[in-house]
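Novice: Take this structure, written in structure tokens, and hold onto it; I'll ask about it next.
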Amino acid sequence: METIKFDNVYFKYPLAENNALDGVTFSVNESDFIVVCGKSGCGKTTLLRHIKKSLVPYGAFSGSVTYNGCEIMDLPDRVSAAEIGFVQQNPDNQVVTDKVWHELAFGLESLGLDNATIKRRVAEMASYFNIQTWFRKDVSQLSGGQKQLMNLASIMAMQPQVLVLDEPTSQLDPIAASEFLRTVQKINRDLGTTVIISEHRLEEVFTMADKVMVMDKGKVLAYDEPRKIGSMLAGNAGSEEDKADKSCDRSRHPMFYGLPAMMKIYQSIEANGSESPLTIREGRLWIDEKVGDTYREGVPDATAHDAAGGSDGDPAIVVKDLWFRYDKRSQDVLRDLNVKVDKGQLFCVLGGNGVGKSTTLKVISHILKQQRGKVTVNGTLAMLPQNPQALFTEISVEDEMMEALHDVNEPDEVKVQKVLDMLDTMEISHLRKSHPYDLSGGEQQRLALGKVLLLDPEIILLDEATKGLDPFFKISLARVLKKLTEAGKTLFMVSHDIEFCAEYADTCAMFFDGGIVSVGKPHEFFPGNNFYTTSANKMARKHFPDAITWEEVAACIRETM
């Protein structure tokens with residue numbers, strides 16, 4: 001039975017040139033697990049918001065969106081609130097009360113349920129999600145992962161039939177993200193709840209999906225089983241006649257680079273393969289079968305990552321014996337922290353939520369003052385905060401960029417050209433007249449980064465710079481960051497994006513319990529880890545222990561064939 005159905009849906013935002021949704025038609029059956037993916041700005045969030053009556057955006061709409069045969073906009077408010085749950089990208093945007101237990105009960109109280117029912121459902125959800133230990137805590141004391149789990153629990157307490165999630169793991173560390181997604185899968189399998197989730201990080205969620213929808217420029221490019229999607233995005237889909245036809249366009253779609261590592265490896269090796277392995281376990285077995293007893297140290301020269309490593313003995317940032325706590329009664333957030341970042345380097349710090357990474361950036365940038373220790377910064381400094389909206393003050397994208405140059409003593413025509421160049425670099429020229437708050441999460445991230453880069457600082461602190469970015473733009477971003485380091489700029493980046501750090505960082509560090517516990521170049525840092533390493537390394541380390549990117553693993557396999 002069709003639970004959600006889109007029939008020839010068109011939607012355009014006010015003053016926009018192009019449709020955000022362009023003839024979208026698809027249906028979701030009861031208890032399906034659907035993954036929606038695509039480049040930033042392709043229409044994912046707009047599509048998901050059309051499923052929730054209270055979140056439908058304002059603009060020109062035509063077509064039909066139905067829930068169990070009834071138009072979404074004709075649903076009684078109570079039915080929409082109770083039966084269609086929505087988890088947003090930023091967990092803080094969905095928090096409305098001060099205590100965890102208040103948050104769990106809030107939706108039930110809004111539905112007018114009696115106290116006995118509220119208590120029973122809250123107790124059931126707290127037990128199901130295993131949040132009893134922080135049930136009475138202030139919401140402000142929770143980590144990002146805990147807030148998102150709390151949001152999910154408060155929605156599930158209303159017993160929805162459909163659960164819609166808009167990039168819910170974008171602000172979570174890899175382990176917290178994995179746990180969150182497994183919980184969503186458990187809800188789908190245990191309760192039969194229909195799940196529709198948009199994600200950029202597809203490594204794990206692909207394995208859970210019944211179907212995957214790929215969106216591009218407001219259209220549904222593909223809607224099929226996950227194993228078949230890889231072949232289509234790789235340009236390997238189609239008939240044998242199509243594959244033999246040299247004029248047939250079989251180039252890789254940009255979203256190919258967001259596929260799970262195993263699918264990218266498989267599609268680059270098996271040009272005619274259509275049923276790709278999905279999980280790490282399946283990937284290991286496929287590699288075992290493909291390469292036999294092969295063992296290779298190092299990686300092929302053509303794929304080896306060239307880590308510049310900065311200028312030895314010429315530090316841009318030195319943090320020595322640093323201690324910090326937010327108030328006298330709280331525990332130390334930073335404990336005897338020591339770190340040195342050389343000039344001209346992309347230095348990436350990984351670690352779980354709440355271990356002190358963002359606090360370190362704030363101390364280095366003098367937003368916070370340490371209790372003990374010394375911070376030395378050799379050069380002008382700027383910071384990209386975790387929330388890009390913190391930098392927005394104007395009513396259009398181009399005005400935001402111009403605002404960054406407000407105090408620069410240059411002719412207006414020079415400033416305008418710099419803004420145009422930066423809009424082009426960040427690939428948001430088509431959004432120059434849009435309001436910053438109308439952009440998608442990934443587009444806001446690009447705007448904020450462009451605004452910071454216009455300041456032309458010598459040292460740039462980046463707090464989750466790849467958050468919300470589609471896989472294809474990450475490649476463009478890597479080129480931008482590479483040009484900056486080649487020009488002598490120093491980049492100190494806090495990130496949850498293991499794959500990005502492995503491929504592009506000069507140095508990686510692990511942050512834990514208020515300090516850095518390990519540092520090394522990517523090929524030294526990742527192979528020794530079980531969880532904080534790439535999927536490609538997890539699958540291939542038995543045969544190729546030094547390979548950390550999918551390209552390296554694919555190249556190693558080709559060498560054995």
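Here's how to read the names in the structure tokens: chain A, B, ... by the order shown, residue numbers from 1 in each chain, ligand numbers from 1 in the order shown.
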Near range 197-202 of chain A, within 6 Å and counting only C-alpha atoms, which residues show up once chain neighbours fewer than 3 positions away are dropped, as a list in words?

Specialist: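 So the residues in contact are Val35, Val36, Cys37, Val164, Leu165, Asp166, Glu167, Val205, Phe206, Leu259, Pro260 and Asp470 of chain A.
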
Novice: For range 528-540 of chain A, work out the shell of residues within 9 Å, counting only C-alpha atoms and skipping chain neighbours fewer than 2 positions away, then give it as a CSV table (one decimal) with all heavy atoms, in the first residue's frame.

Specialist:
chain,number,residue,atom,x,y,z
A,174,PRO,N,31.5,10.1,13.7
A,174,PRO,CA,31.2,8.8,13.0
A,174,PRO,C,30.6,7.8,13.8
A,174,PRO,O,29.6,7.1,13.4
A,174,PRO,CB,32.6,8.4,12.5
A,174,PRO,CG,33.4,9.6,12.4
A,174,PRO,CD,32.9,10.5,13.5
A,175,ILE,N,31.0,7.6,15.1
A,175,ILE,CA,30.4,6.6,15.9
A,175,ILE,C,29.0,6.9,16.4
A,175,ILE,O,28.1,6.1,16.3
A,175,ILE,CB,31.3,6.3,17.2
A,175,ILE,CG1,32.7,5.8,16.7
A,175,ILE,CG2,30.7,5.4,18.2
A,175,ILE,CD1,33.7,5.6,17.8
A,203,GLU,N,27.7,5.8,3.4
A,203,GLU,CA,28.5,4.6,3.6
A,203,GLU,C,27.6,3.5,4.4
A,203,GLU,O,27.6,2.3,4.0
A,203,GLU,CB,29.7,4.9,4.4
A,203,GLU,CG,30.8,3.8,4.4
A,203,GLU,CD,31.5,3.8,3.0
A,203,GLU,OE1,31.9,4.9,2.5
A,203,GLU,OE2,31.6,2.7,2.5
A,260,PRO,N,29.0,4.5,-1.2
A,260,PRO,CA,29.9,3.7,-0.3
A,260,PRO,C,31.2,3.3,-1.0
A,260,PRO,O,31.2,3.0,-2.2
A,260,PRO,CB,29.1,2.5,0.1
A,260,PRO,CG,27.7,3.0,0.0
A,260,PRO,CD,27.7,3.9,-1.2
A,261,ALA,N,32.3,3.2,-0.2
A,261,ALA,CA,33.6,2.9,-0.8
A,261,ALA,C,33.6,1.6,-1.6
A,261,ALA,O,34.2,1.5,-2.7
A,261,ALA,CB,34.7,2.9,0.3
A,262,MET,N,32.9,0.6,-1.1
A,262,MET,CA,32.9,-0.7,-1.7
A,262,MET,C,32.2,-0.6,-3.1
A,262,MET,O,32.7,-1.2,-4.1
A,262,MET,CB,32.1,-1.7,-0.8
A,262,MET,CG,32.2,-3.1,-1.4
A,262,MET,SD,33.9,-3.7,-1.5
A,262,MET,CE,34.0,-3.9,-3.3
A,265,ILE,N,34.7,1.1,-5.5
A,265,ILE,CA,35.8,0.1,-5.9
A,265,ILE,C,35.3,-0.9,-6.9
A,265,ILE,O,35.9,-1.1,-7.9
A,265,ILE,CB,36.3,-0.6,-4.6
A,265,ILE,CG1,37.0,0.4,-3.7
A,265,ILE,CG2,37.3,-1.7,-5.0
A,265,ILE,CD1,37.3,-0.2,-2.3
A,280,ILE,N,30.7,-3.8,4.4
A,280,ILE,CA,32.1,-4.0,4.6
A,280,ILE,C,32.4,-5.5,4.6
A,280,ILE,O,33.4,-6.0,4.0
A,280,ILE,CB,32.6,-3.4,5.9
A,280,ILE,CG1,32.6,-1.9,5.7
A,280,ILE,CG2,34.0,-3.9,6.3
A,280,ILE,CD1,33.0,-1.1,6.9
A,281,ARG,N,31.5,-6.3,5.2
A,281,ARG,CA,31.7,-7.8,5.2
A,281,ARG,C,31.6,-8.3,3.7
A,281,ARG,O,32.5,-9.1,3.3
A,281,ARG,CB,30.6,-8.4,6.0
A,281,ARG,CG,30.6,-10.0,6.0
A,281,ARG,CD,29.5,-10.5,6.8
A,281,ARG,NE,29.4,-12.0,6.7
A,281,ARG,CZ,28.8,-12.7,5.7
A,281,ARG,NH1,28.2,-12.0,4.8
A,281,ARG,NH2,28.9,-14.0,5.8
A,282,GLU,N,30.6,-7.9,2.9
A,282,GLU,CA,30.6,-8.3,1.5
A,282,GLU,C,31.8,-7.8,0.8
A,282,GLU,O,32.3,-8.6,-0.1
A,282,GLU,CB,29.3,-7.8,0.9
A,282,GLU,CG,28.0,-8.4,1.4
A,282,GLU,CD,26.8,-7.8,0.8
A,282,GLU,OE1,26.9,-6.8,0.0
A,282,GLU,OE2,25.7,-8.2,1.1
A,283,GLY,N,32.3,-6.6,1.1
A,283,GLY,CA,33.4,-6.1,0.4
A,283,GLY,C,34.7,-6.9,0.7
A,283,GLY,O,35.5,-7.2,-0.2
A,284,ARG,N,34.9,-7.3,2.0
A,284,ARG,CA,36.0,-8.1,2.3
A,284,ARG,C,36.0,-9.4,1.5
A,284,ARG,O,37.1,-9.9,1.0
A,284,ARG,CB,36.0,-8.4,3.8
A,284,ARG,CG,36.5,-7.2,4.7
A,284,ARG,CD,36.4,-7.6,6.1
A,284,ARG,NE,36.9,-6.6,7.0
A,284,ARG,CZ,36.6,-6.5,8.3
A,284,ARG,NH1,35.9,-7.5,8.9
A,284,ARG,NH2,37.1,-5.5,9.1
A,285,LEU,N,34.9,-10.1,1.5
A,285,LEU,CA,34.8,-11.4,0.8
A,285,LEU,C,35.0,-11.2,-0.7
A,285,LEU,O,35.7,-12.1,-1.3
A,285,LEU,CB,33.4,-12.0,1.0
A,285,LEU,CG,33.0,-12.4,2.5
A,285,LEU,CD1,31.6,-12.8,2.6
A,285,LEU,CD2,34.0,-13.5,3.0
A,287,ILE,N,36.9,-8.8,-2.1
A,287,ILE,CA,38.3,-8.6,-2.3
A,287,ILE,C,39.1,-9.9,-2.1
A,287,ILE,O,40.1,-10.1,-2.9
A,287,ILE,CB,38.8,-7.5,-1.3
A,287,ILE,CG1,38.1,-6.1,-1.7
A,287,ILE,CG2,40.3,-7.4,-1.3
A,287,ILE,CD1,38.4,-5.0,-0.7
A,288,ASP,N,38.7,-10.7,-1.1
A,288,ASP,CA,39.4,-12.0,-0.9
A,288,ASP,C,39.4,-12.8,-2.2
A,288,ASP,O,40.4,-13.4,-2.6
A,288,ASP,CB,38.8,-12.7,0.3
A,288,ASP,CG,39.1,-12.1,1.6
A,288,ASP,OD1,40.1,-11.3,1.7
A,288,ASP,OD2,38.5,-12.5,2.6
A,350,LEU,N,40.3,14.9,14.5
A,350,LEU,CA,39.2,14.0,14.6
A,350,LEU,C,38.9,13.7,16.1
A,350,LEU,O,39.8,13.8,16.9
A,350,LEU,CB,39.3,12.8,13.8
A,350,LEU,CG,39.5,13.0,12.3
A,350,LEU,CD1,41.0,12.6,11.9
A,350,LEU,CD2,38.6,12.2,11.5
A,351,GLY,N,37.7,13.2,16.3
A,351,GLY,CA,37.4,12.8,17.7
A,351,GLY,C,35.9,12.9,17.9
A,351,GLY,O,35.1,13.4,17.1
A,498,ILE,N,35.9,11.4,8.2
A,498,ILE,CA,37.1,10.6,8.1
A,498,ILE,C,37.6,10.5,6.7
A,498,ILE,O,38.8,10.6,6.4
A,498,ILE,CB,36.8,9.2,8.7
A,498,ILE,CG1,36.7,9.3,10.2
A,498,ILE,CG2,37.9,8.2,8.4
A,498,ILE,CD1,36.3,8.1,10.9
A,499,GLU,N,36.7,10.2,5.7
A,499,GLU,CA,37.1,10.0,4.3
A,499,GLU,C,37.8,11.2,3.8
A,499,GLU,O,38.8,11.1,3.1
A,499,GLU,CB,35.9,9.6,3.5
A,499,GLU,CG,35.0,8.5,4.1
A,499,GLU,CD,35.6,7.2,4.1
A,499,GLU,OE1,36.5,6.9,3.2
A,499,GLU,OE2,35.3,6.4,5.0
A,502,ALA,N,41.3,11.6,5.4
A,502,ALA,CA,42.2,10.6,4.9
A,502,ALA,C,42.8,11.0,3.5
A,502,ALA,O,44.0,10.7,3.2
A,502,ALA,CB,41.5,9.3,4.9
A,510,MET,N,44.1,12.7,16.7
A,510,MET,CA,43.0,12.2,17.4
A,510,MET,C,42.9,13.0,18.7
A,510,MET,O,43.8,13.0,19.5
A,510,MET,CB,43.1,10.7,17.7
A,510,MET,CG,42.1,10.1,18.6
A,510,MET,SD,40.4,10.1,17.8
A,510,MET,CE,40.6,8.8,16.7
A,524,GLU,N,50.0,7.0,8.1
A,524,GLU,CA,50.5,6.5,9.4
A,524,GLU,C,49.4,6.5,10.4
A,524,GLU,O,49.3,5.6,11.3
A,524,GLU,CB,51.6,7.5,10.0
A,524,GLU,CG,52.8,7.7,9.1
A,524,GLU,CD,53.7,8.8,9.5
A,524,GLU,OE1,53.2,9.6,10.4
A,524,GLU,OE2,54.8,9.0,8.9
A,525,PHE,N,48.5,7.5,10.3
A,525,PHE,CA,47.4,7.7,11.3
A,525,PHE,C,46.3,6.7,11.2
A,525,PHE,O,45.9,6.1,12.2
A,525,PHE,CB,46.9,9.1,11.2
A,525,PHE,CG,45.8,9.4,12.2
A,525,PHE,CD1,46.1,9.9,13.5
A,525,PHE,CD2,44.5,9.4,11.8
A,525,PHE,CE1,45.1,10.2,14.4
A,525,PHE,CE2,43.4,9.7,12.7
A,525,PHE,CZ,43.8,10.1,14.0
A,526,PHE,N,45.8,6.4,10.0
A,526,PHE,CA,44.5,5.7,9.9
A,526,PHE,C,44.7,4.1,9.9
A,526,PHE,O,43.8,3.5,10.5
A,526,PHE,CB,43.8,6.1,8.6
A,526,PHE,CG,43.2,7.4,8.7
A,526,PHE,CD1,43.7,8.5,8.1
A,526,PHE,CD2,42.0,7.6,9.4
A,526,PHE,CE1,43.2,9.8,8.1
A,526,PHE,CE2,41.4,8.9,9.5
A,526,PHE,CZ,42.0,10.0,8.9
A,542,LYS,N,43.7,-6.5,5.2
A,542,LYS,CA,44.3,-7.8,5.2
A,542,LYS,C,45.2,-8.0,4.1
A,542,LYS,O,46.3,-8.6,4.2
A,542,LYS,CB,43.1,-8.9,5.1
A,542,LYS,CG,43.6,-10.3,4.9
A,542,LYS,CD,42.4,-11.2,4.8
A,542,LYS,CE,42.8,-12.6,4.4
A,542,LYS,NZ,41.6,-13.5,4.2
A,543,HIS,N,44.9,-7.4,2.9
A,543,HIS,CA,45.8,-7.5,1.7
A,543,HIS,C,46.6,-6.3,1.5
A,543,HIS,O,47.8,-6.4,1.0
A,543,HIS,CB,44.9,-7.8,0.5
A,543,HIS,CG,44.0,-9.0,0.7
A,543,HIS,ND1,44.4,-10.3,0.5
A,543,HIS,CD2,42.7,-9.1,1.0
A,543,HIS,CE1,43.4,-11.1,0.7
A,543,HIS,NE2,42.4,-10.4,1.0
A,544,PHE,N,46.0,-5.1,1.7
A,544,PHE,CA,46.7,-3.8,1.4
A,544,PHE,C,46.6,-2.9,2.6
A,544,PHE,O,45.8,-2.0,2.7
A,544,PHE,CB,46.1,-3.2,0.2
A,544,PHE,CG,45.8,-4.1,-0.9
A,544,PHE,CD1,44.4,-4.4,-1.3
A,544,PHE,CD2,46.8,-4.8,-1.6
A,544,PHE,CE1,44.1,-5.2,-2.3
A,544,PHE,CE2,46.5,-5.6,-2.6
A,544,PHE,CZ,45.2,-5.9,-3.0
A,545,PRO,N,47.4,-3.2,3.7
A,545,PRO,CA,47.2,-2.5,5.0
A,545,PRO,C,47.5,-1.0,4.9
A,545,PRO,O,47.0,-0.2,5.8
A,545,PRO,CB,48.3,-3.1,5.9
A,545,PRO,CG,49.3,-3.7,4.9
A,545,PRO,CD,48.5,-4.2,3.7
A,546,ASP,N,48.2,-0.5,3.9
A,546,ASP,CA,48.5,0.9,3.8
A,546,ASP,C,47.5,1.7,3.0
A,546,ASP,O,47.6,2.9,2.9
A,546,ASP,CB,49.9,1.1,3.3
A,546,ASP,CG,51.0,0.5,4.2
A,546,ASP,OD1,50.8,0.6,5.4
A,546,ASP,OD2,51.9,-0.1,3.7
A,547,ALA,N,46.6,1.0,2.3
A,547,ALA,CA,45.7,1.7,1.4
A,547,ALA,C,44.5,2.3,2.3
A,547,ALA,O,43.9,1.5,3.0
A,547,ALA,CB,45.1,0.7,0.4
A,548,ILE,N,44.3,3.5,2.2
A,548,ILE,CA,43.2,4.2,3.0
A,548,ILE,C,42.1,4.8,2.2
A,548,ILE,O,41.1,5.2,2.7
A,548,ILE,CB,43.8,5.2,4.0
A,548,ILE,CG1,44.6,6.3,3.2
A,548,ILE,CG2,44.7,4.6,5.0
A,548,ILE,CD1,45.1,7.5,4.1
A,549,THR,N,42.3,5.0,0.9
A,549,THR,CA,41.2,5.6,0.1
A,549,THR,C,40.7,4.5,-0.9
A,549,THR,O,41.4,3.6,-1.2
A,549,THR,CB,41.7,6.8,-0.7
A,549,THR,OG1,42.6,6.4,-1.7
A,549,THR,CG2,42.4,7.8,0.2
A,550,TRP,N,39.5,4.7,-1.4
A,550,TRP,CA,39.0,3.8,-2.4
A,550,TRP,C,39.8,3.7,-3.7
A,550,TRP,O,40.0,2.6,-4.3
A,550,TRP,CB,37.5,4.1,-2.7
A,550,TRP,CG,37.2,5.2,-3.6
A,550,TRP,CD1,37.0,6.5,-3.2
A,550,TRP,CD2,37.2,5.2,-5.0
A,550,TRP,NE1,36.8,7.3,-4.3
A,550,TRP,CE2,36.9,6.5,-5.4
A,550,TRP,CE3,37.3,4.2,-6.0
A,550,TRP,CZ2,36.7,6.9,-6.8
A,550,TRP,CZ3,37.1,4.6,-7.3
A,550,TRP,CH2,36.9,5.9,-7.7
A,551,GLU,N,40.4,4.8,-4.1
A,551,GLU,CA,41.2,4.8,-5.3
A,551,GLU,C,42.4,4.0,-5.1
A,551,GLU,O,42.9,3.2,-6.0
A,551,GLU,CB,41.6,6.2,-5.7
A,551,GLU,CG,40.5,7.1,-6.1
A,551,GLU,CD,40.1,8.1,-5.0
A,551,GLU,OE1,40.1,7.6,-3.8
A,551,GLU,OE2,39.6,9.2,-5.3
A,552,GLU,N,43.0,4.0,-3.9
A,552,GLU,CA,44.2,3.2,-3.6
A,552,GLU,C,43.9,1.8,-3.6
A,552,GLU,O,44.7,0.9,-4.1
A,552,GLU,CB,44.8,3.7,-2.2
A,552,GLU,CG,45.4,5.1,-2.3
A,552,GLU,CD,45.8,5.6,-0.9
A,552,GLU,OE1,45.5,4.9,0.1
A,552,GLU,OE2,46.4,6.7,-0.9
A,553,VAL,N,42.8,1.4,-3.0
A,553,VAL,CA,42.4,0.0,-2.9
A,553,VAL,C,42.1,-0.5,-4.3
A,553,VAL,O,42.6,-1.6,-4.7
A,553,VAL,CB,41.2,-0.2,-2.0
A,553,VAL,CG1,40.6,-1.6,-2.1
A,553,VAL,CG2,41.5,0.1,-0.6

Novice: Would you please work out which residue, of A:Ala509, A:Ala81, A:Val517, A:Ala465, is nearest to Gln386 in chain A when using only C-alpha atoms?

Specialist: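 Smallest distance to Gln386 in chain A is found for A:Ala465.
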
Novice: Taking the chain letters and numbering used in this document, name the residues of range 102-330 of chain A that DSSP puts in helix (DSSP H, G or I), as number ranges by chain.

Specialist: A: 102-110, 115-128, 132-134, 139-141, 144-156, 174-191, 205-208, 226-233, 240-244, 254-258, 261-269, 280-291

Novice: Based on the selection just made, write C-alpha atoms of those residues as a tab-separated table (two decimals), in the first residue's frame.

Specialist:
chain	number	residue	atom	x	y	z
A	102	HIS	CA	10.08	17.62	29.32
A	103	GLU	CA	11.15	17.24	25.69
A	104	LEU	CA	9.90	13.65	25.52
A	105	ALA	CA	6.53	14.68	26.94
A	106	PHE	CA	6.08	17.94	25.00
A	107	GLY	CA	4.57	16.48	21.82
A	108	LEU	CA	2.24	14.22	23.79
A	109	GLU	CA	1.02	17.15	25.88
A	110	SER	CA	0.41	19.12	22.67
A	115	ASN	CA	-1.09	12.07	32.19
A	116	ALA	CA	-1.18	8.28	32.53
A	117	THR	CA	-0.71	7.81	28.78
A	118	ILE	CA	2.06	10.42	28.66
A	119	LYS	CA	3.95	8.76	31.52
A	120	ARG	CA	3.62	5.32	29.94
A	121	ARG	CA	4.83	6.44	26.51
A	122	VAL	CA	7.70	8.53	27.90
A	123	ALA	CA	8.87	5.60	30.03
A	124	GLU	CA	8.63	3.27	27.06
A	125	MET	CA	10.64	5.58	24.78
A	126	ALA	CA	13.28	6.29	27.43
A	127	SER	CA	13.77	2.53	27.84
A	128	TYR	CA	13.71	1.79	24.10
A	132	GLN	CA	17.52	6.58	31.35
A	133	THR	CA	20.94	7.76	32.59
A	134	TRP	CA	20.38	11.30	31.27
A	139	VAL	CA	19.13	19.66	27.45
A	140	SER	CA	22.06	22.10	27.41
A	141	GLN	CA	24.28	19.42	28.98
A	144	GLY	CA	24.99	16.71	19.66
A	145	GLY	CA	24.43	12.97	19.32
A	146	GLN	CA	22.38	12.82	22.52
A	147	LYS	CA	20.23	15.79	21.44
A	148	GLN	CA	19.49	14.16	18.12
A	149	LEU	CA	18.61	10.86	19.83
A	150	MET	CA	16.35	12.78	22.22
A	151	ASN	CA	14.61	14.49	19.27
A	152	LEU	CA	14.04	11.10	17.66
A	153	ALA	CA	12.68	9.64	20.92
A	154	SER	CA	10.29	12.58	21.46
A	155	ILE	CA	8.89	12.11	17.95
A	156	MET	CA	8.59	8.32	18.30
A	174	PRO	CA	31.20	8.84	12.99
A	175	ILE	CA	30.45	6.56	15.95
A	176	ALA	CA	27.44	8.61	17.15
A	177	ALA	CA	26.17	8.81	13.55
A	178	SER	CA	26.45	5.05	13.16
A	179	GLU	CA	24.55	4.45	16.41
A	180	PHE	CA	21.84	6.92	15.41
A	181	LEU	CA	21.32	5.32	12.00
A	182	ARG	CA	21.17	1.84	13.53
A	183	THR	CA	18.45	3.11	15.86
A	184	VAL	CA	16.49	4.44	12.89
A	185	GLN	CA	16.87	1.08	11.15
A	186	LYS	CA	15.70	-0.69	14.32
A	187	ILE	CA	12.57	1.50	14.40
A	188	ASN	CA	11.87	0.61	10.77
A	189	ARG	CA	12.39	-3.13	11.34
A	190	ASP	CA	10.81	-3.46	14.80
A	191	LEU	CA	7.82	-1.14	14.44
A	205	VAL	CA	22.67	4.14	5.28
A	206	PHE	CA	22.90	2.53	1.81
A	207	THR	CA	23.02	-0.90	3.42
A	208	MET	CA	19.72	-0.20	5.23
A	226	PRO	CA	20.76	0.38	-3.76
A	227	ARG	CA	22.86	-2.29	-5.49
A	228	LYS	CA	21.67	-1.05	-8.90
A	229	ILE	CA	22.14	2.66	-8.17
A	230	GLY	CA	25.94	2.35	-8.15
A	231	SER	CA	26.02	1.01	-11.70
A	232	MET	CA	23.84	3.87	-12.93
A	233	LEU	CA	25.89	6.60	-11.22
A	240	GLU	CA	25.05	-4.05	-23.92
A	241	GLU	CA	24.32	-2.04	-27.09
A	242	ASP	CA	24.47	1.20	-25.04
A	243	LYS	CA	27.78	0.19	-23.50
A	244	ALA	CA	29.24	-0.58	-26.94
A	254	PRO	CA	28.75	13.65	-9.40
A	255	MET	CA	26.92	11.57	-6.78
A	256	PHE	CA	29.08	8.57	-7.72
A	257	TYR	CA	31.72	10.05	-5.40
A	258	GLY	CA	29.28	9.87	-2.48
A	261	ALA	CA	33.60	2.92	-0.81
A	262	MET	CA	32.88	-0.69	-1.72
A	263	MET	CA	30.52	0.33	-4.51
A	264	LYS	CA	33.07	2.76	-5.96
A	265	ILE	CA	35.81	0.12	-5.85
A	266	TYR	CA	33.55	-2.49	-7.44
A	267	GLN	CA	32.28	-0.20	-10.20
A	268	SER	CA	35.82	0.90	-11.10
A	269	ILE	CA	36.95	-2.74	-11.39
A	280	ILE	CA	32.09	-4.03	4.59
A	281	ARG	CA	31.67	-7.77	5.15
A	282	GLU	CA	30.58	-8.31	1.53
A	283	GLY	CA	33.44	-6.09	0.41
A	284	ARG	CA	36.03	-8.11	2.31
A	285	LEU	CA	34.75	-11.37	0.80
A	286	TRP	CA	34.73	-9.89	-2.71
A	287	ILE	CA	38.30	-8.58	-2.31
A	288	ASP	CA	39.42	-11.95	-0.90
A	289	GLU	CA	37.99	-13.68	-3.96
A	290	LYS	CA	39.51	-11.13	-6.32
A	291	VAL	CA	43.10	-10.98	-5.04

Novice: Identify, on the basis of only C-alpha atoms, every residue whose closest approach to Leu462 in chain A does not exceed 8 Å; exclude the query and any residue fewer than 4 positions from it along the same chain; express the result as a tab-separated table (two decimals) with N, CA and C atoms, in the first residue's frame.

Specialist:
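Okay, part11.tsv is ready:
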chain	number	residue	atom	x	y	z
A	383	MET	N	38.09	32.49	11.50
A	383	MET	CA	37.50	31.22	11.89
A	383	MET	C	36.14	31.02	11.22
A	384	LEU	N	35.93	29.81	10.70
A	384	LEU	CA	34.62	29.39	10.22
A	384	LEU	C	33.94	28.62	11.34
A	385	PRO	N	32.87	29.18	11.94
A	385	PRO	CA	32.22	28.50	13.07
A	385	PRO	C	31.42	27.29	12.61
A	386	GLN	N	31.03	26.45	13.58
A	386	GLN	CA	30.26	25.25	13.26
A	386	GLN	C	28.91	25.60	12.67
A	491	LEU	N	45.78	25.81	7.61
A	491	LEU	CA	44.40	25.42	7.86
A	491	LEU	C	44.36	24.43	9.02
A	492	PHE	N	43.62	24.79	10.06
A	492	PHE	CA	43.45	23.93	11.24
A	492	PHE	C	41.98	23.55	11.28
A	493	MET	N	41.66	22.29	10.94
A	493	MET	CA	40.28	21.89	10.74
A	493	MET	C	39.85	20.81	11.72
A	494	VAL	N	38.75	21.05	12.41
A	494	VAL	CA	38.08	20.04	13.22
A	494	VAL	C	37.04	19.38	12.32

Novice: I'd like the contact shell of Leu439 in chain A - 8 Å cut-off, only C-alpha atoms, skipping same-chain residues fewer than 5 positions apart - returned as an NGL selection string.

Specialist: :A and (41 or 434 or 444)

Novice: Grab the CA of Val318 in chain A to CA of Ser365 in chain A distance for me, in Å with one decimal place.

Specialist: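 Interatomic distance here is 12.3 Å.
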
Novice: Quick one: pick out all strand (DSSP E) residues within range 170-403 of chain A from a backbone DSSP run and write them as a VMD selection string.

Specialist: chain A and resid 194 to 198 211 to 216 219 to 224 315 to 324 334 to 342 346 to 350 372 to 377 381 to 384

Novice: Any idea what's packed within 8 Å of Gly379 in chain A, counting only C-alpha atoms, ignoring anything in its chain fewer than 5 positions away? Could you give it as a list in words?

Specialist: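 Returned residues: Ala316, Pro457, Glu458 and Ile459 of chain A.
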
Novice: Selection from above, C-alpha atoms, as an mmCIF file, in the first residue's frame, can you write it?

Specialist:
data_model
loop_
_atom_site.group_PDB
_atom_site.id
_atom_site.type_symbol
_atom_site.label_atom_id
_atom_site.label_comp_id
_atom_site.auth_asym_id
_atom_site.auth_seq_id
_atom_site.Cartn_x
_atom_site.Cartn_y
_atom_site.Cartn_z
ATOM 1 C CA ALA A 316 51.818 28.837 12.604
ATOM 2 C CA PRO A 457 43.792 35.477 6.605
ATOM 3 C CA GLU A 458 47.120 33.660 6.970
ATOM 4 C CA ILE A 459 45.628 31.097 9.360
#
